[in-house]
Amino acid sequence: DAGITQSPRHKVTETGTPVTLRCHQTENHRYMYWYRQDPGHGLRLIHYSYGVKDTDKGEVSDGYSVSRSKTEDFLLTLESATSSQTSVYFCAISELGMNTGELFFGEGSRLTVL
Amino acid sequence: DAKTTQPNSMESNEEEPVHLPCNHSTISGTDYIHWYRQLPSQGPEYVIHGLTSNVNNRMASLAIAEDRKSSTLILHRATLRDAAVYYCILRDPNYGQNFVFGPGTRLSVLP
């Protein structure tokens, strides 16, 4: 199994509080991604990174920011959580990128915003 | 448009082959066809991908139509562990590093 660890795995928080989810990899893969999965919407890309300090937006990036200061860590931050951000968040990594390579997904982080 | 069309659900008996179809009539010439599956309460898992030729790996086979407008994922002998949602995926033309995940096909495997 690819070495991907997401933390925390479960979190309950209140509206307006900041939240940071961490994705840690031991594979030294170049690309890292954050997805969210919601009933009726499938998986949607939030942000991705193609190298240290190199990030770009996905299709649902509003309300989220990311940082990648080391190859192995990709952080997803909700500056002020809202109930609409209640979701399951998946991190994924890839060595070659999306078209030609495989994505390896983490086990997910379930976030509930009350 | 990176849209794919799959049946919502399919059923198979254990130890029988399963053919999961996917239509992708607007695929571009350089885009690979990817298949992932998601077991309950887990992240998606890579199954297989291909460009033009049929592909085989230890999990499955991918048969790609000559015009590339459709493909079929073949599980040669379904097991109970293969019960999952199967996604046929193309790259999103609007975001180079994005897959468009549709609702997929929910495969049930009967003992």
# chains A, B, ... in the order shown; residues from 1 in each chain; ligands from 1

$ select_by_dssp --residues "chain B" --states "strand (DSSP E)" --output "PyMOL selection string"
chain B and resi 9-13+18-23+33-38+45-50+55-56+61-64+70-75+84-91+99-100+105-110

$ write_last_selection --atoms "C-alpha atoms" --output "mmCIF file, in the first residue's frame"
data_model
loop_
_atom_site.group_PDB
_atom_site.id
_atom_site.type_symbol
_atom_site.label_atom_id
_atom_site.label_comp_id
_atom_site.auth_asym_id
_atom_site.auth_seq_id
_atom_site.Cartn_x
_atom_site.Cartn_y
_atom_site.Cartn_z
ATOM 1 C CA SER B 9 -25.747 -0.377 -10.897
ATOM 2 C CA MET B 10 -24.946 -3.926 -11.935
ATOM 3 C CA GLU B 11 -25.154 -7.313 -10.323
ATOM 4 C CA SER B 12 -22.978 -10.361 -10.711
ATOM 5 C CA ASN B 13 -22.698 -13.799 -9.226
ATOM 6 C CA VAL B 18 -18.238 -9.064 -15.007
ATOM 7 C CA HIS B 19 -18.217 -6.570 -17.857
ATOM 8 C CA LEU B 20 -18.623 -2.955 -16.764
ATOM 9 C CA PRO B 21 -19.300 -0.632 -19.721
ATOM 10 C CA CYS B 22 -18.431 3.035 -20.103
ATOM 11 C CA ASN B 23 -19.184 5.528 -22.853
ATOM 12 C CA ILE B 33 -9.169 6.132 -19.822
ATOM 13 C CA HIS B 34 -8.898 5.397 -16.124
ATOM 14 C CA TRP B 35 -10.830 3.058 -13.859
ATOM 15 C CA TYR B 36 -10.929 3.344 -10.112
ATOM 16 C CA ARG B 37 -13.103 1.626 -7.569
ATOM 17 C CA GLN B 38 -14.229 2.588 -4.102
ATOM 18 C CA GLU B 45 -8.408 2.547 -5.453
ATOM 19 C CA TYR B 46 -6.677 2.434 -8.835
ATOM 20 C CA VAL B 47 -7.783 -0.440 -11.058
ATOM 21 C CA ILE B 48 -6.383 0.098 -14.539
ATOM 22 C CA HIS B 49 -5.854 2.671 -17.274
ATOM 23 C CA GLY B 50 -5.177 2.646 -21.003
ATOM 24 C CA VAL B 55 -4.660 -3.586 -21.136
ATOM 25 C CA ASN B 56 -4.347 -6.332 -18.556
ATOM 26 C CA SER B 61 -8.639 -6.131 -18.110
ATOM 27 C CA LEU B 62 -9.578 -3.013 -20.025
ATOM 28 C CA ALA B 63 -11.019 -3.370 -23.492
ATOM 29 C CA ILE B 64 -11.009 -0.116 -25.473
ATOM 30 C CA SER B 70 -16.290 3.407 -25.236
ATOM 31 C CA SER B 71 -14.475 0.936 -23.042
ATOM 32 C CA THR B 72 -15.251 -2.073 -20.871
ATOM 33 C CA LEU B 73 -13.690 -3.063 -17.580
ATOM 34 C CA ILE B 74 -13.568 -6.825 -17.224
ATOM 35 C CA LEU B 75 -13.296 -8.593 -13.904
ATOM 36 C CA ALA B 84 -17.732 -1.527 -4.893
ATOM 37 C CA VAL B 85 -18.499 1.593 -6.897
ATOM 38 C CA TYR B 86 -16.515 1.551 -10.132
ATOM 39 C CA TYR B 87 -15.589 4.853 -11.744
ATOM 40 C CA CYS B 88 -14.676 5.287 -15.393
ATOM 41 C CA ILE B 89 -12.764 8.555 -15.528
ATOM 42 C CA LEU B 90 -11.268 10.995 -17.961
ATOM 43 C CA ARG B 91 -9.128 13.995 -17.294
ATOM 44 C CA PHE B 99 -10.314 13.737 -12.897
ATOM 45 C CA VAL B 100 -14.028 14.106 -13.432
ATOM 46 C CA THR B 105 -21.464 1.929 -11.314
ATOM 47 C CA ARG B 106 -22.341 0.237 -8.055
ATOM 48 C CA LEU B 107 -21.438 -3.439 -8.471
ATOM 49 C CA SER B 108 -23.124 -5.986 -6.242
ATOM 50 C CA VAL B 109 -21.676 -9.495 -6.093
ATOM 51 C CA LEU B 110 -24.023 -12.257 -5.037
#

$ closest_atom_pairs --of "chain A" --to "chain B" --cutoff "6 Å" --atoms "only C-alpha atoms" --output "CSV"
residue,atom,partner,partner_atom,distance
A:Gly42,CA,B:Pro103,CA,5.9
A:Leu43,CA,B:Phe101,CA,5.7
A:Met98,CA,B:Gln97,CA,5.6
A:Phe105,CA,B:Gly43,CA,5.5
A:Gly106,CA,B:Gly43,CA,5.9
A:Glu107,CA,B:Gly43,CA,5.1

$ write_last_selection --atoms "N, CA and C atoms" --output "PDB file, in the first residue's frame"
ATOM      1  N   GLY A  42     -20.192  13.142  -5.925  1.00  0.00           N
ATOM      2  CA  GLY A  42     -18.989  12.371  -6.189  1.00  0.00           C
ATOM      3  C   GLY A  42     -17.767  13.060  -5.606  1.00  0.00           C
ATOM      4  N   LEU A  43     -16.605  12.761  -6.155  1.00  0.00           N
ATOM      5  CA  LEU A  43     -15.369  13.396  -5.700  1.00  0.00           C
ATOM      6  C   LEU A  43     -15.084  14.628  -6.537  1.00  0.00           C
ATOM      7  N   MET A  98      -1.799  13.105 -13.330  1.00  0.00           N
ATOM      8  CA  MET A  98      -3.095  12.476 -13.455  1.00  0.00           C
ATOM      9  C   MET A  98      -3.311  11.714 -14.748  1.00  0.00           C
ATOM     10  N   PHE A 105      -4.932   7.022  -3.046  1.00  0.00           N
ATOM     11  CA  PHE A 105      -5.760   7.811  -2.131  1.00  0.00           C
ATOM     12  C   PHE A 105      -5.523   7.396  -0.689  1.00  0.00           C
ATOM     13  N   GLY A 106      -5.646   8.382   0.200  1.00  0.00           N
ATOM     14  CA  GLY A 106      -5.654   8.094   1.615  1.00  0.00           C
ATOM     15  C   GLY A 106      -7.005   7.552   2.054  1.00  0.00           C
ATOM     16  N   GLU A 107      -7.137   7.314   3.349  1.00  0.00           N
ATOM     17  CA  GLU A 107      -8.353   6.696   3.872  1.00  0.00           C
ATOM     18  C   GLU A 107      -9.455   7.699   4.161  1.00  0.00           C
TER      19      GLU A 107
END

$ residues_around --residues "Pro18 (chain A)" --least-positions-apart "6" --cutoff "8 Å" --atoms "only C-alpha atoms" --output "count of residues only"
5

$ atom_distance --atom1 "CA of Arg77 (chain B)" --atom2 "CA of Asn54 (chain B)"
18.2 Å

$ closest_residue --among "A:Thr82, A:Ser109, A:Ser94, A:Ser67" --to "Tyr35 (chain A)" --atoms "only C-alpha atoms"
A:Ser109

$ residues_around --residues "Val19 (chain A)" --least-positions-apart "5" --cutoff "12 Å" --atoms "only C-alpha atoms" --output "PyMOL selection string"
chain A and resi 7-8+10-14+63-66+75-82+85-86+109+111-113

$ residues_around --residues "Asp67 (chain B)" --least-positions-apart "4" --cutoff "10 Å" --atoms "only C-alpha atoms" --output "NGL selection string"
:B and (25 or 27 or 29 or 52 or 71)

$ write_last_selection --atoms "N, CA and C atoms" --output "PDB file, in the first residue's frame"
ATOM      1  N   SER B  25     -17.817   9.434 -25.441  1.00  0.00           N
ATOM      2  CA  SER B  25     -17.842   9.761 -26.870  1.00  0.00           C
ATOM      3  C   SER B  25     -17.043  11.014 -27.214  1.00  0.00           C
ATOM      4  N   ILE B  27     -14.076  11.948 -25.866  1.00  0.00           N
ATOM      5  CA  ILE B  27     -12.703  11.826 -25.400  1.00  0.00           C
ATOM      6  C   ILE B  27     -11.743  12.447 -26.407  1.00  0.00           C
ATOM      7  N   GLY B  29      -7.866  12.899 -28.169  1.00  0.00           N
ATOM      8  CA  GLY B  29      -6.941  11.891 -28.663  1.00  0.00           C
ATOM      9  C   GLY B  29      -5.828  11.509 -27.713  1.00  0.00           C
ATOM     10  N   THR B  52      -5.069   3.258 -25.991  1.00  0.00           N
ATOM     11  CA  THR B  52      -5.674   2.731 -27.208  1.00  0.00           C
ATOM     12  C   THR B  52      -5.791   1.217 -27.194  1.00  0.00           C
ATOM     13  N   SER B  71     -15.407   1.927 -23.568  1.00  0.00           N
ATOM     14  CA  SER B  71     -14.475   0.936 -23.042  1.00  0.00           C
ATOM     15  C   SER B  71     -15.247   0.021 -22.097  1.00  0.00           C
TER      16      SER B  71
END

$ decode --residues "region 11-57 of chain A" --atoms "N, CA and C atoms" --output "tab-separated table (two decimals), in the first residue's frame"
chain	number	residue	atom	x	y	z
A	11	LYS	N	-13.16	14.69	12.67
A	11	LYS	CA	-13.15	15.94	13.42
A	11	LYS	C	-14.54	16.56	13.40
A	12	VAL	N	-14.96	17.04	14.57
A	12	VAL	CA	-16.19	17.80	14.70
A	12	VAL	C	-15.79	19.18	15.19
A	13	THR	N	-16.28	20.20	14.50
A	13	THR	CA	-15.92	21.55	14.86
A	13	THR	C	-17.14	22.45	14.72
A	14	GLU	N	-17.00	23.70	15.13
A	14	GLU	CA	-18.11	24.64	15.05
A	14	GLU	C	-17.89	25.64	13.93
A	15	THR	N	-18.98	26.13	13.42
A	15	THR	CA	-18.93	27.15	12.37
A	15	THR	C	-18.05	28.32	12.79
A	16	GLY	N	-17.19	28.75	11.89
A	16	GLY	CA	-16.34	29.91	12.14
A	16	GLY	C	-14.96	29.57	12.68
A	17	THR	N	-14.73	28.34	13.06
A	17	THR	CA	-13.41	27.98	13.59
A	17	THR	C	-12.49	27.54	12.45
A	18	PRO	N	-11.19	27.75	12.60
A	18	PRO	CA	-10.25	27.27	11.58
A	18	PRO	C	-9.99	25.78	11.75
A	19	VAL	N	-9.76	25.13	10.62
A	19	VAL	CA	-9.48	23.70	10.62
A	19	VAL	C	-8.34	23.42	9.65
A	20	THR	N	-7.42	22.58	10.05
A	20	THR	CA	-6.35	22.15	9.14
A	20	THR	C	-6.32	20.64	9.08
A	21	LEU	N	-6.35	20.13	7.86
A	21	LEU	CA	-6.20	18.71	7.63
A	21	LEU	C	-4.82	18.46	7.03
A	22	ARG	N	-4.20	17.39	7.48
A	22	ARG	CA	-2.84	17.10	7.04
A	22	ARG	C	-2.80	15.82	6.22
A	23	CYS	N	-2.03	15.86	5.14
A	23	CYS	CA	-1.76	14.68	4.34
A	23	CYS	C	-0.25	14.47	4.33
A	24	HIS	N	0.17	13.31	4.74
A	24	HIS	CA	1.59	12.99	4.82
A	24	HIS	C	1.87	11.76	3.96
A	25	GLN	N	2.91	11.85	3.09
A	25	GLN	CA	3.27	10.72	2.25
A	25	GLN	C	4.72	10.32	2.48
A	26	THR	N	4.98	9.05	2.29
A	26	THR	CA	6.35	8.53	2.43
A	26	THR	C	6.88	8.03	1.08
A	27	GLU	N	6.18	8.37	-0.02
A	27	GLU	CA	6.52	7.84	-1.34
A	27	GLU	C	7.36	8.80	-2.18
A	28	ASN	N	7.54	10.02	-1.71
A	28	ASN	CA	8.30	11.03	-2.45
A	28	ASN	C	7.68	11.33	-3.82
A	29	HIS	N	6.33	11.21	-3.89
A	29	HIS	CA	5.64	11.53	-5.15
A	29	HIS	C	5.52	13.03	-5.33
A	30	ARG	N	5.59	13.44	-6.58
A	30	ARG	CA	5.59	14.87	-6.91
A	30	ARG	C	4.22	15.52	-6.67
A	31	TYR	N	3.18	14.84	-7.12
A	31	TYR	CA	1.85	15.45	-7.11
A	31	TYR	C	1.08	15.03	-5.86
A	32	MET	N	0.37	16.00	-5.29
A	32	MET	CA	-0.54	15.73	-4.18
A	32	MET	C	-1.84	16.48	-4.42
A	33	TYR	N	-2.95	15.88	-3.98
A	33	TYR	CA	-4.28	16.41	-4.27
A	33	TYR	C	-5.15	16.35	-3.03
A	34	TRP	N	-6.06	17.31	-2.95
A	34	TRP	CA	-7.13	17.24	-1.97
A	34	TRP	C	-8.47	17.20	-2.70
A	35	TYR	N	-9.28	16.17	-2.38
A	35	TYR	CA	-10.62	16.02	-2.90
A	35	TYR	C	-11.61	16.07	-1.74
A	36	ARG	N	-12.85	16.43	-2.07
A	36	ARG	CA	-13.94	16.23	-1.13
A	36	ARG	C	-14.98	15.35	-1.78
A	37	GLN	N	-15.66	14.56	-0.96
A	37	GLN	CA	-16.70	13.66	-1.49
A	37	GLN	C	-17.98	13.89	-0.72
A	38	ASP	N	-19.03	14.19	-1.48
A	38	ASP	CA	-20.34	14.45	-0.92
A	38	ASP	C	-21.37	13.64	-1.67
A	39	PRO	N	-22.42	13.20	-0.97
A	39	PRO	CA	-23.50	12.48	-1.65
A	39	PRO	C	-24.07	13.31	-2.78
A	40	GLY	N	-24.24	12.69	-3.94
A	40	GLY	CA	-24.81	13.39	-5.08
A	40	GLY	C	-23.82	14.18	-5.90
A	41	HIS	N	-22.59	14.32	-5.41
A	41	HIS	CA	-21.59	15.10	-6.15
A	41	HIS	C	-20.34	14.28	-6.49
A	42	GLY	N	-20.19	13.14	-5.93
A	42	GLY	CA	-18.99	12.37	-6.19
A	42	GLY	C	-17.77	13.06	-5.61
A	43	LEU	N	-16.61	12.76	-6.16
A	43	LEU	CA	-15.37	13.40	-5.70
A	43	LEU	C	-15.08	14.63	-6.54
A	44	ARG	N	-14.72	15.71	-5.85
A	44	ARG	CA	-14.40	16.96	-6.54
A	44	ARG	C	-13.07	17.49	-6.04
A	45	LEU	N	-12.26	17.97	-6.97
A	45	LEU	CA	-10.92	18.44	-6.65
A	45	LEU	C	-10.97	19.82	-6.00
A	46	ILE	N	-10.27	19.97	-4.88
A	46	ILE	CA	-10.23	21.26	-4.18
A	46	ILE	C	-8.97	22.03	-4.59
A	47	HIS	N	-7.83	21.46	-4.33
A	47	HIS	CA	-6.53	22.03	-4.70
A	47	HIS	C	-5.59	20.88	-5.00
A	48	TYR	N	-4.52	21.20	-5.71
A	48	TYR	CA	-3.49	20.21	-5.90
A	48	TYR	C	-2.12	20.88	-5.89
A	49	SER	N	-1.10	20.07	-5.77
A	49	SER	CA	0.28	20.57	-5.74
A	49	SER	C	1.12	19.75	-6.71
A	50	TYR	N	1.99	20.43	-7.43
A	50	TYR	CA	2.87	19.75	-8.37
A	50	TYR	C	4.33	19.90	-7.97
A	51	GLY	N	4.56	20.30	-6.72
A	51	GLY	CA	5.89	20.40	-6.18
A	51	GLY	C	5.88	21.25	-4.93
A	52	VAL	N	7.02	21.30	-4.24
A	52	VAL	CA	7.11	22.12	-3.03
A	52	VAL	C	6.82	23.58	-3.40
A	53	LYS	N	5.91	24.16	-2.67
A	53	LYS	CA	5.46	25.55	-2.83
A	53	LYS	C	4.72	25.79	-4.15
A	54	ASP	N	4.45	24.75	-4.93
A	54	ASP	CA	3.72	24.89	-6.18
A	54	ASP	C	2.33	24.28	-6.04
A	55	THR	N	1.31	25.15	-6.02
A	55	THR	CA	-0.05	24.66	-5.86
A	55	THR	C	-0.96	25.34	-6.87
A	56	ASP	N	-2.12	24.74	-7.08
A	56	ASP	CA	-3.09	25.33	-7.99
A	56	ASP	C	-4.48	24.94	-7.55
A	57	LYS	N	-5.47	25.73	-8.02
A	57	LYS	CA	-6.84	25.51	-7.61
A	57	LYS	C	-7.50	24.41	-8.42
